[in-house]
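Below: the structure, in structure tokens.
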Amino acid sequence: MTHLAEGPVAQGAAEAILAAYCGQAGPGDVMCGASAADTAVWHAILEEILAAGSGSIVQVQEQLQRHVQEIGTSFRLPNEGEERPWPVSPLPLPISEDEWSGIASAIVQRAELAELLLADIYGPHRLVAANVLPTAALTGSPQFLRPMVGIPPPGGHYLNIFAADLGRGPDGSWRVLADHTRSPAGAGYALENRLAATQVVGGLSERLNIERLAPFFADLRAGIAARCERSDPRLALLTPGRFNQSYAEQAHLARYLGLLLVEGADLAVHDDRVYLRTIEGLKRVDALWQRMDARLLDPLALDSRSAIGVPGLVDALAAGGIVIANFPGSAVLEAPAFAAFMPQLAQRLLGEPLLLPNIATWWCGQAREAEHVVAELDNLVIDAAFATPLLGLGQGGTRLGSEMRGQERTRLLDDIARRPQDYIGQEIVHLSTMPVAAEGSLLARPFTLRVFAARDANGAWTVMPGGFVRIGAAADVRATSIGAGTRSADVIVHGAQPVVPITLRSASQAIRRNPGTLPSRVADNLFWLGRYLERGEAVLGLVRAGSASASAGKGNQETTQRLCNQLIAMDAVRWDANANPGQIFAAAIANQDCTSSVSALLKAARAIGAGSRERISSDFWQMLDAPFPADGPFQQRSLILRARFAAFAGLAAEHMGRTAGWRFHDLGRRIERALNFARLLRAFAADDASANDLTALLELADVQISYRQRYATGLALMPVRDLVGLDPFNPRSISFQANAIHEHLDALPRLKDDGMAEPQQAAATGLVALISTLSATMLTPEVCNDLESRMYALSDAISQRFFLRGSEALRASGMTLA
């Protein structure tokens with residue numbers, strides 16, 4: 001364990017750290033076993049990191065982690081509800097351009113082999129007919145989708161993106177650990193690692209001539225677009241949803257590549273074309289980059305239990321109406337059993353050996369191979385042939401044969417004898433180590449490298465110059481996967497010649513002021529995000545006014561009780577005859593059991609924000625993701641939370657473009673605010689309202705100063721009613737909300753061009769007309785009830801028109817198909 005430098009950079013600090021680290025690292029470490037040229041590269045890396053951290057790698061680690069958090073990088077472990085911060089080490093994995101050239105060639109070869117294999121598996125089945133590929137090795141995989149047989153992929157390619165996990169042995173040789181042909185995850189994380197590292201040690205790029213990642217992503221996007229029928233296609237990334245392990249990566253990729261991030265419920269199939277439900281009706285989607293289990297893509301053709309798929313999607317694919325990258329069923333090649341056949345398949349289909357060898361693999365579905373696995377059990381890793389849980393391996397899955405003893409070993413051997421086709425044996429892989437900064441030390445840890453290839457606009461394979469490194473939490477002979485305690489790092493491909501700066505920027509891009517397509521689900525999310533944040537602000541206002549009223553003494557008891565009743569009616573707190581006002585106000589902030597406590601509302605807002613992360617700014621997301629202030633008196637927490645909610649309003653008002661998305665967010669705020677003040681007027685401005693009631697109402701509306709400037713003679717019921725309810729210049733009055741709602745709905749798209757008002761517009765017009773005829777004397781509790789009912793009806797009308805669900809989009813008249 002090498003402790004990292006903490007003080008100012010001293011002469012030879014990099015050499016000292018290198019020497020100390022190599023004194024405890026084992027054989028085969030990439031830094032300690034490097035050539036003279038590569039050692040110079042490691043010196044450069046350490047010098048840049050020490051310079052960036054004023055001599056402290058610990059400081060650089062902290063800076064890097066902050067940038068990762070600002071980008072919004074996170075991941076979720078299986079069966080966990082909350083996301084974890086993305087763990088990154090500041091020391092990258094350097095690979096020379098010469099070594100990388102060999103790796104890239106091998107990846108292209110492997111991607112092309114995978115393409116040819118899929119073409120045969122879902123086409124003529126020549127390999128199975130010739131017994132080169134045993135039938136059981138194919139049909140035993142749950143990822144083999146029989147309904148896809150005979151369907152040609154639109155655009156001619158089964159794969160648009162491919163990845164392989166590589167392991168580096170102690171001797172410096174690379175081997176393939178696994179193929180990823182379904183929807184390889186990690187490209188977005190590789191990009192985010194590079195973005196964060198560039199912010200901290202940006203000087204390294206020019207010093208080592210590091211190749212850029214942007215061209216790869218440009219080629220990936222262009223390759224998918226080139227397969228579409230239309231010249232200006234609409235592309236989308238299909239996600240399983242925000243609870244997926246890599247949802248944050250998917251959102252970042254969609255934002256970076258300019259793709260729509262969609263879920264199955266956002267899409268509908270009509271006449272063998274796929275359409276996106278938007279606020280303007282149905283808009284055609286030309287291509288989907290799918291990031292979900294292909295078995296769940298279409299409940300009609302594949303798995304009928306799928307609740308996240310798109311009915312009719314396979315029919316649209318078969319008719320050529322949608323491009324899906326990668327082709328559904330591509331994951332059949334990810335089965336570990338296939339590794340046993342890759343060497344001979346390469347010879348048969350490519351006429352050449354694999355440039356990078358597989359892990360030696362024996363599939364027990366063949367008698368001789370099964371005998372070998374049983375005989376050499378102590379020297380092999382035992383795994384499931386098709387990545388499914390097995391009785392003989394228990395809950396943990398992959399096991400070292402040497403670790404299994406007694407009844408456990410007997411159970412494994414019995415199950416292999418019973419169902420040999422379910423098992424494989426693989427050689428034990430010893431991985432190289434690399435330095436990782438963790439817990440204030442520089443540690444030697446094993447790593448694996450995921451490398452990505454994508455088709456460009458011409459259909460040729462291009463390889464990302466770098467990749468996604470996964471670093472183990474401890475020395476382990478087996479390949480690592482991201483989990484608790486593991487880390488990631490940037491991968492840099494360096495060379496002798498300067499690299500021309502390239503980005504996704506296009507010099508020929510035509511100027512557009514159309515903000516783009518707004519899916520109905522996103523509009524729905526933004527609308528309710530506005531409502532929840534406004535409601536939280538209202539609860540905090542009641543807590544603040546209630547605290548002031550309670551501290552004023554006995555004369556304010558009735559007003560204080562009314563404020564408590566409002567919180568109870570909103571379900572911010574439960575009624576308790578024994579609770580005093582202070583307890584009620586504290587519970588309204590932190591209560592976890594009520595739907596409208598500040599804590600619950602922030603949790604709901606965060607869930608909505610997580611589901612539309614590609615549409616909100618990183619500042620907005622960081623505030624949604626910020627921990628709830630759990631310590632201290634509720635008055636102090638209330639003050640902190642009021643500042644946070646004010647920041648939410650400020651970010652929306654000053655940083656959101658005046659697009660349809662902003663309008664829906666503001667519509668939610670306006671409707672929630674109008675509902676709130678209709679209730680407050682009914683409770684605090686009735687004919688028998690006291691001066692304390694009117695004072696509380698003015699404070700809740702934040703118009704005390706405005707009232708005093710207009711009325712010097714003191715409190716009066718009618719002026720308060722007018723200011724809070726009917727004044728069109730008060731941004732918190734009901735009148736102001738009605739006018740803003742009418743303006744928003746008038747600006748949003750209509751389904752028909754007949755000039756007639758849609759239901760939500762007619763409702764808003766009627767509301768504005770009603771309020772314009774009211775006077776303060778007419779603003780009775782009964783009228784307030786009517787205004788509240790109209791607001792609820794208006795909210796329902798907006799939902800029915802814009803937030804399309806199920807088959808409603810296909811039945812509604814006037815739905816555009818563009």
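By order of appearance in the structure tokens: chains A, B, ..., then residues from 1 within every chain, and ligands from 1 in the order shown.
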
Closest atom pairs, residues of segment 513-572 of chain A within 8 Å of segment 603-622 of chain A, only C-alpha atoms, as CSV:
```
residue,atom,partner,partner_atom,distance
A:Val522,CA,A:Ser612,CA,6.3
A:Asn525,CA,A:Ile608,CA,5.8
A:Leu526,CA,A:Ile608,CA,7.8
A:Trp528,CA,A:Ile608,CA,7.8
A:Leu529,CA,A:Ala605,CA,5.5
A:Tyr532,CA,A:Ala605,CA,6.2
A:Leu533,CA,A:Ala605,CA,7.0
```

Which of segment 373-537 of chain A fall in helix (DSSP H, G or I), as number ranges by chain: A: 373-375, 377-379, 401-403, 406-418, 420-422, 520-537

Surrounding residues of His742 of chain A excluding itself and chain neighbours under 4 positions, 9 Å, only C-alpha atoms, as a PyMOL selection string: chain A and resi 737-738+746-747+761+763-765+767-768

Each residue of segment 370-440 of chain A lying at most 10 Å from segment 448-461 of chain A should get a row with its shortest atom-to-atom pair and the distance in Å to one decimal, counting only C-alpha atoms; could you produce that, ordered by chain and increasing number, as a Markdown table?
```
| residue | atom | partner | partner_atom | distance |
| --- | --- | --- | --- | --- |
| A:Leu431 | CA | A:Thr448 | CA | 7.8 |
| A:Ser432 | CA | A:Thr448 | CA | 8.6 |
| A:Thr433 | CA | A:Thr448 | CA | 9.3 |
```

Save the residues we just selected, C-alpha atoms, as a PDB file, in the first residue's frame?
```
ATOM      1  CA  LEU A 431      -5.283 -10.538 -14.606  1.00  0.00           C
ATOM      2  CA  SER A 432      -2.719  -7.766 -14.675  1.00  0.00           C
ATOM      3  CA  THR A 433      -3.008  -5.044 -12.076  1.00  0.00           C
TER       4      THR A 433
END
```

Near-segment 24-29 of chain A list (7 Å; only C-alpha atoms; drop same-chain fewer than 3 positions) as a PyMOL selection string: chain A and resi 1+21+32-33+170-171+432-434+444

Given the selection you just returned, output its residues as a file containing C-alpha atoms, formatted as a compact mmCIF listing (two decimals), in the first residue's frame.
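And here's selection.txt as it stands now:
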```txt
# COMPACT_ATOMS: atom_id res chain seq x y z
CA MET A 1 0.00 0.00 0.00
CA TYR A 21 4.17 1.56 -5.48
CA CYS A 32 5.78 -1.47 -12.83
CA GLY A 33 6.34 -3.86 -15.72
CA PRO A 170 0.73 -10.75 -16.32
CA ASP A 171 2.82 -11.28 -19.48
CA SER A 432 -2.72 -7.77 -14.68
CA THR A 433 -3.01 -5.04 -12.08
CA MET A 434 -2.97 -1.27 -12.41
CA ALA A 444 -2.51 -2.48 -7.18
```

Point-to-point distance from atom CA of Ala674 of chain A to atom CA of Ala647 of chain A, Å rounded to tenths: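 Computed distance, atom CA of Ala674 of chain A to atom CA of Ala647 of chain A, equals 20.8 Å.
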
Pick from A:Gln760, A:Thr713, A:Ser246, A:Ser183 nearest to Arg84 of chain A, counting only C-alpha atoms: A:Ser246

Leaving out Cys228 of chain A and any residue of its chain fewer than 2 positions from it, which residues lie within 7 Å of it when counting only C-alpha atoms, given as a PDB file with C-alpha atoms, in the first residue's frame?
```pdb
ATOM      1  CA  GLY A 155     -30.470  -1.526 -43.405  1.00  0.00           C
ATOM      2  CA  ALA A 225     -29.163   7.219 -39.194  1.00  0.00           C
ATOM      3  CA  ALA A 226     -27.771   5.870 -42.480  1.00  0.00           C
ATOM      4  CA  ARG A 230     -35.805   9.129 -44.451  1.00  0.00           C
ATOM      5  CA  PRO A 233     -34.607  10.559 -39.488  1.00  0.00           C
ATOM      6  CA  ASP A 286     -37.176   5.912 -37.712  1.00  0.00           C
ATOM      7  CA  ALA A 287     -34.660   4.111 -35.499  1.00  0.00           C
ATOM      8  CA  VAL A 323     -34.518   0.188 -37.530  1.00  0.00           C
TER       9      VAL A 323
END
```

Between atom CA of Arg644 of chain A and atom CA of Gln250 of chain A, distance in Å (one decimal):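 A separation of 27.6 Å between them.
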
Distance in Å - atom CA of Gly394 of chain A versus atom CA of Ala375 of chain A: 21.0 Å

Best match for closeness to Leu602 of chain A among A:Leu651, A:Leu681, A:Ala437, A:Val539, counting only C-alpha atoms: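 Checking each candidate against Leu602 of chain A, we get A:Val539 as the closest.
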
Non-local contacts of Ser690 of chain A (10 Å; only C-alpha atoms; under 2 positions in same chain excluded) as number ranges by chain: A: 556, 558-559, 684-688, 692-696, 715-717

For Gly495 of chain A, the nearest of the candidates A:Ile210, A:Leu794, A:Val60, A:Ile771, counting only C-alpha atoms: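 That would be A:Ile210, the residue with the smallest distance to Gly495 of chain A.
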
Test item: residues at most 12 Å from Gln636 of chain A, only C-alpha atoms, excluding those fewer than 2 positions along its chain, as a ChimeraX atom specification: /A:540,543-544,547,586,589,629-634,638-643

Please produce an output containing all heavy atoms for each residue in the selection, written as a short mmCIF file (atom, residue, chain, number, x, y, z; two decimals), in the first residue's frame.
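Written out: result_13.cif:
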```cif
data_model
loop_
_atom_site.label_atom_id
_atom_site.label_comp_id
_atom_site.auth_asym_id
_atom_site.auth_seq_id
_atom_site.Cartn_x
_atom_site.Cartn_y
_atom_site.Cartn_z
N LEU A 540 -44.22 24.87 3.08
CA LEU A 540 -43.24 25.64 3.84
C LEU A 540 -43.79 27.00 4.23
O LEU A 540 -43.49 27.52 5.32
CB LEU A 540 -41.95 25.79 3.03
CG LEU A 540 -41.10 24.53 2.90
CD1 LEU A 540 -40.00 24.74 1.87
CD2 LEU A 540 -40.49 24.15 4.24
N VAL A 543 -45.96 26.47 7.22
CA VAL A 543 -45.14 26.23 8.41
C VAL A 543 -44.57 27.54 8.93
O VAL A 543 -44.59 27.81 10.15
CB VAL A 543 -44.01 25.23 8.09
CG1 VAL A 543 -43.01 25.16 9.23
CG2 VAL A 543 -44.59 23.85 7.82
N ARG A 544 -44.08 28.37 8.04
CA ARG A 544 -43.51 29.66 8.46
C ARG A 544 -44.59 30.55 9.08
O ARG A 544 -44.39 31.11 10.17
CB ARG A 544 -42.89 30.37 7.26
CG ARG A 544 -42.30 31.73 7.61
CD ARG A 544 -41.72 32.42 6.39
NE ARG A 544 -42.75 32.67 5.38
CZ ARG A 544 -42.51 33.31 4.23
NH1 ARG A 544 -41.29 33.71 3.93
NH2 ARG A 544 -43.49 33.51 3.37
N SER A 547 -45.68 29.08 12.47
CA SER A 547 -44.70 29.31 13.54
C SER A 547 -44.80 30.73 14.07
O SER A 547 -44.75 30.97 15.29
CB SER A 547 -43.29 29.03 13.02
OG SER A 547 -43.16 27.69 12.61
N ALA A 586 -43.40 20.63 12.55
CA ALA A 586 -42.19 19.81 12.35
C ALA A 586 -42.51 18.58 11.51
O ALA A 586 -41.74 18.20 10.61
CB ALA A 586 -41.60 19.41 13.70
N ILE A 589 -42.81 18.95 7.71
CA ILE A 589 -41.55 19.02 6.97
C ILE A 589 -40.97 17.63 6.74
O ILE A 589 -40.60 17.28 5.62
CB ILE A 589 -40.54 19.91 7.72
CG1 ILE A 589 -40.98 21.37 7.65
CG2 ILE A 589 -39.14 19.75 7.14
CD1 ILE A 589 -40.09 22.31 8.41
N PRO A 629 -32.29 17.86 4.64
CA PRO A 629 -31.69 18.29 5.92
C PRO A 629 -32.40 17.61 7.09
O PRO A 629 -33.52 17.96 7.44
CB PRO A 629 -31.91 19.80 5.92
CG PRO A 629 -33.05 20.04 5.00
CD PRO A 629 -32.96 18.98 3.95
N ALA A 630 -31.72 16.65 7.70
CA ALA A 630 -32.38 15.82 8.71
C ALA A 630 -32.11 16.26 10.13
O ALA A 630 -32.79 15.83 11.05
CB ALA A 630 -31.93 14.37 8.54
N ASP A 631 -31.10 17.11 10.33
CA ASP A 631 -30.72 17.48 11.69
C ASP A 631 -31.11 18.92 11.99
O ASP A 631 -31.28 19.75 11.09
CB ASP A 631 -29.21 17.31 11.87
CG ASP A 631 -28.76 15.87 11.67
OD1 ASP A 631 -29.53 14.98 12.06
OD2 ASP A 631 -27.67 15.67 11.11
N GLY A 632 -31.21 19.22 13.28
CA GLY A 632 -31.49 20.58 13.72
C GLY A 632 -32.98 20.82 13.92
O GLY A 632 -33.83 20.03 13.52
N PRO A 633 -33.33 21.96 14.55
CA PRO A 633 -34.73 22.33 14.77
C PRO A 633 -35.46 22.49 13.44
O PRO A 633 -34.84 22.82 12.42
CB PRO A 633 -34.64 23.66 15.52
CG PRO A 633 -33.24 23.81 15.93
CD PRO A 633 -32.40 22.97 15.06
N PHE A 634 -36.78 22.26 13.46
CA PHE A 634 -37.51 22.32 12.19
C PHE A 634 -37.50 23.73 11.61
O PHE A 634 -37.58 23.91 10.40
CB PHE A 634 -38.95 21.80 12.39
CG PHE A 634 -39.90 22.80 12.99
CD1 PHE A 634 -40.59 23.71 12.20
CD2 PHE A 634 -40.14 22.81 14.36
CE1 PHE A 634 -41.49 24.61 12.75
CE2 PHE A 634 -41.02 23.70 14.92
CZ PHE A 634 -41.71 24.61 14.12
N SER A 638 -36.54 24.36 7.93
CA SER A 638 -37.50 25.09 7.09
C SER A 638 -36.81 26.21 6.32
O SER A 638 -37.08 26.42 5.14
CB SER A 638 -38.62 25.66 7.96
OG SER A 638 -39.48 26.47 7.20
N LEU A 639 -35.89 26.92 6.99
CA LEU A 639 -35.16 28.00 6.33
C LEU A 639 -34.29 27.46 5.20
O LEU A 639 -34.26 28.03 4.09
CB LEU A 639 -34.30 28.73 7.36
CG LEU A 639 -33.53 29.96 6.86
CD1 LEU A 639 -34.50 31.03 6.38
CD2 LEU A 639 -32.63 30.51 7.97
N ILE A 640 -33.59 26.35 5.45
CA ILE A 640 -32.75 25.73 4.41
C ILE A 640 -33.60 25.30 3.22
O ILE A 640 -33.25 25.53 2.06
CB ILE A 640 -31.98 24.54 4.99
CG1 ILE A 640 -30.99 25.00 6.06
CG2 ILE A 640 -31.27 23.76 3.90
CD1 ILE A 640 -30.35 23.87 6.83
N LEU A 641 -34.76 24.70 3.51
CA LEU A 641 -35.61 24.20 2.45
C LEU A 641 -36.26 25.32 1.66
O LEU A 641 -36.45 25.21 0.44
CB LEU A 641 -36.68 23.27 3.04
CG LEU A 641 -36.14 21.92 3.54
CD1 LEU A 641 -37.17 21.22 4.41
CD2 LEU A 641 -35.75 21.04 2.36
N ARG A 642 -36.61 26.42 2.34
CA ARG A 642 -37.19 27.55 1.60
C ARG A 642 -36.18 28.09 0.60
O ARG A 642 -36.54 28.47 -0.53
CB ARG A 642 -37.64 28.65 2.56
CG ARG A 642 -38.87 28.31 3.36
CD ARG A 642 -39.63 29.56 3.83
NE ARG A 642 -38.80 30.48 4.57
CZ ARG A 642 -38.61 30.43 5.88
NH1 ARG A 642 -39.20 29.48 6.60
NH2 ARG A 642 -37.86 31.32 6.50
N ALA A 643 -34.92 28.14 1.00
CA ALA A 643 -33.88 28.60 0.07
C ALA A 643 -33.75 27.64 -1.11
O ALA A 643 -33.57 28.07 -2.26
CB ALA A 643 -32.54 28.73 0.80
#
```

Those of segment 57-242 of chain A in DSSP strand (DSSP E), formatted as a PyMOL selection string: chain A and resi 74-75+84-85+93-96+161-168+174-180+235-238

Shortest interatomic distance to Ala319 of chain A - which of A:Pro465, A:Gly582, A:Pro153, A:Gly140, counting only C-alpha atoms: A:Pro153
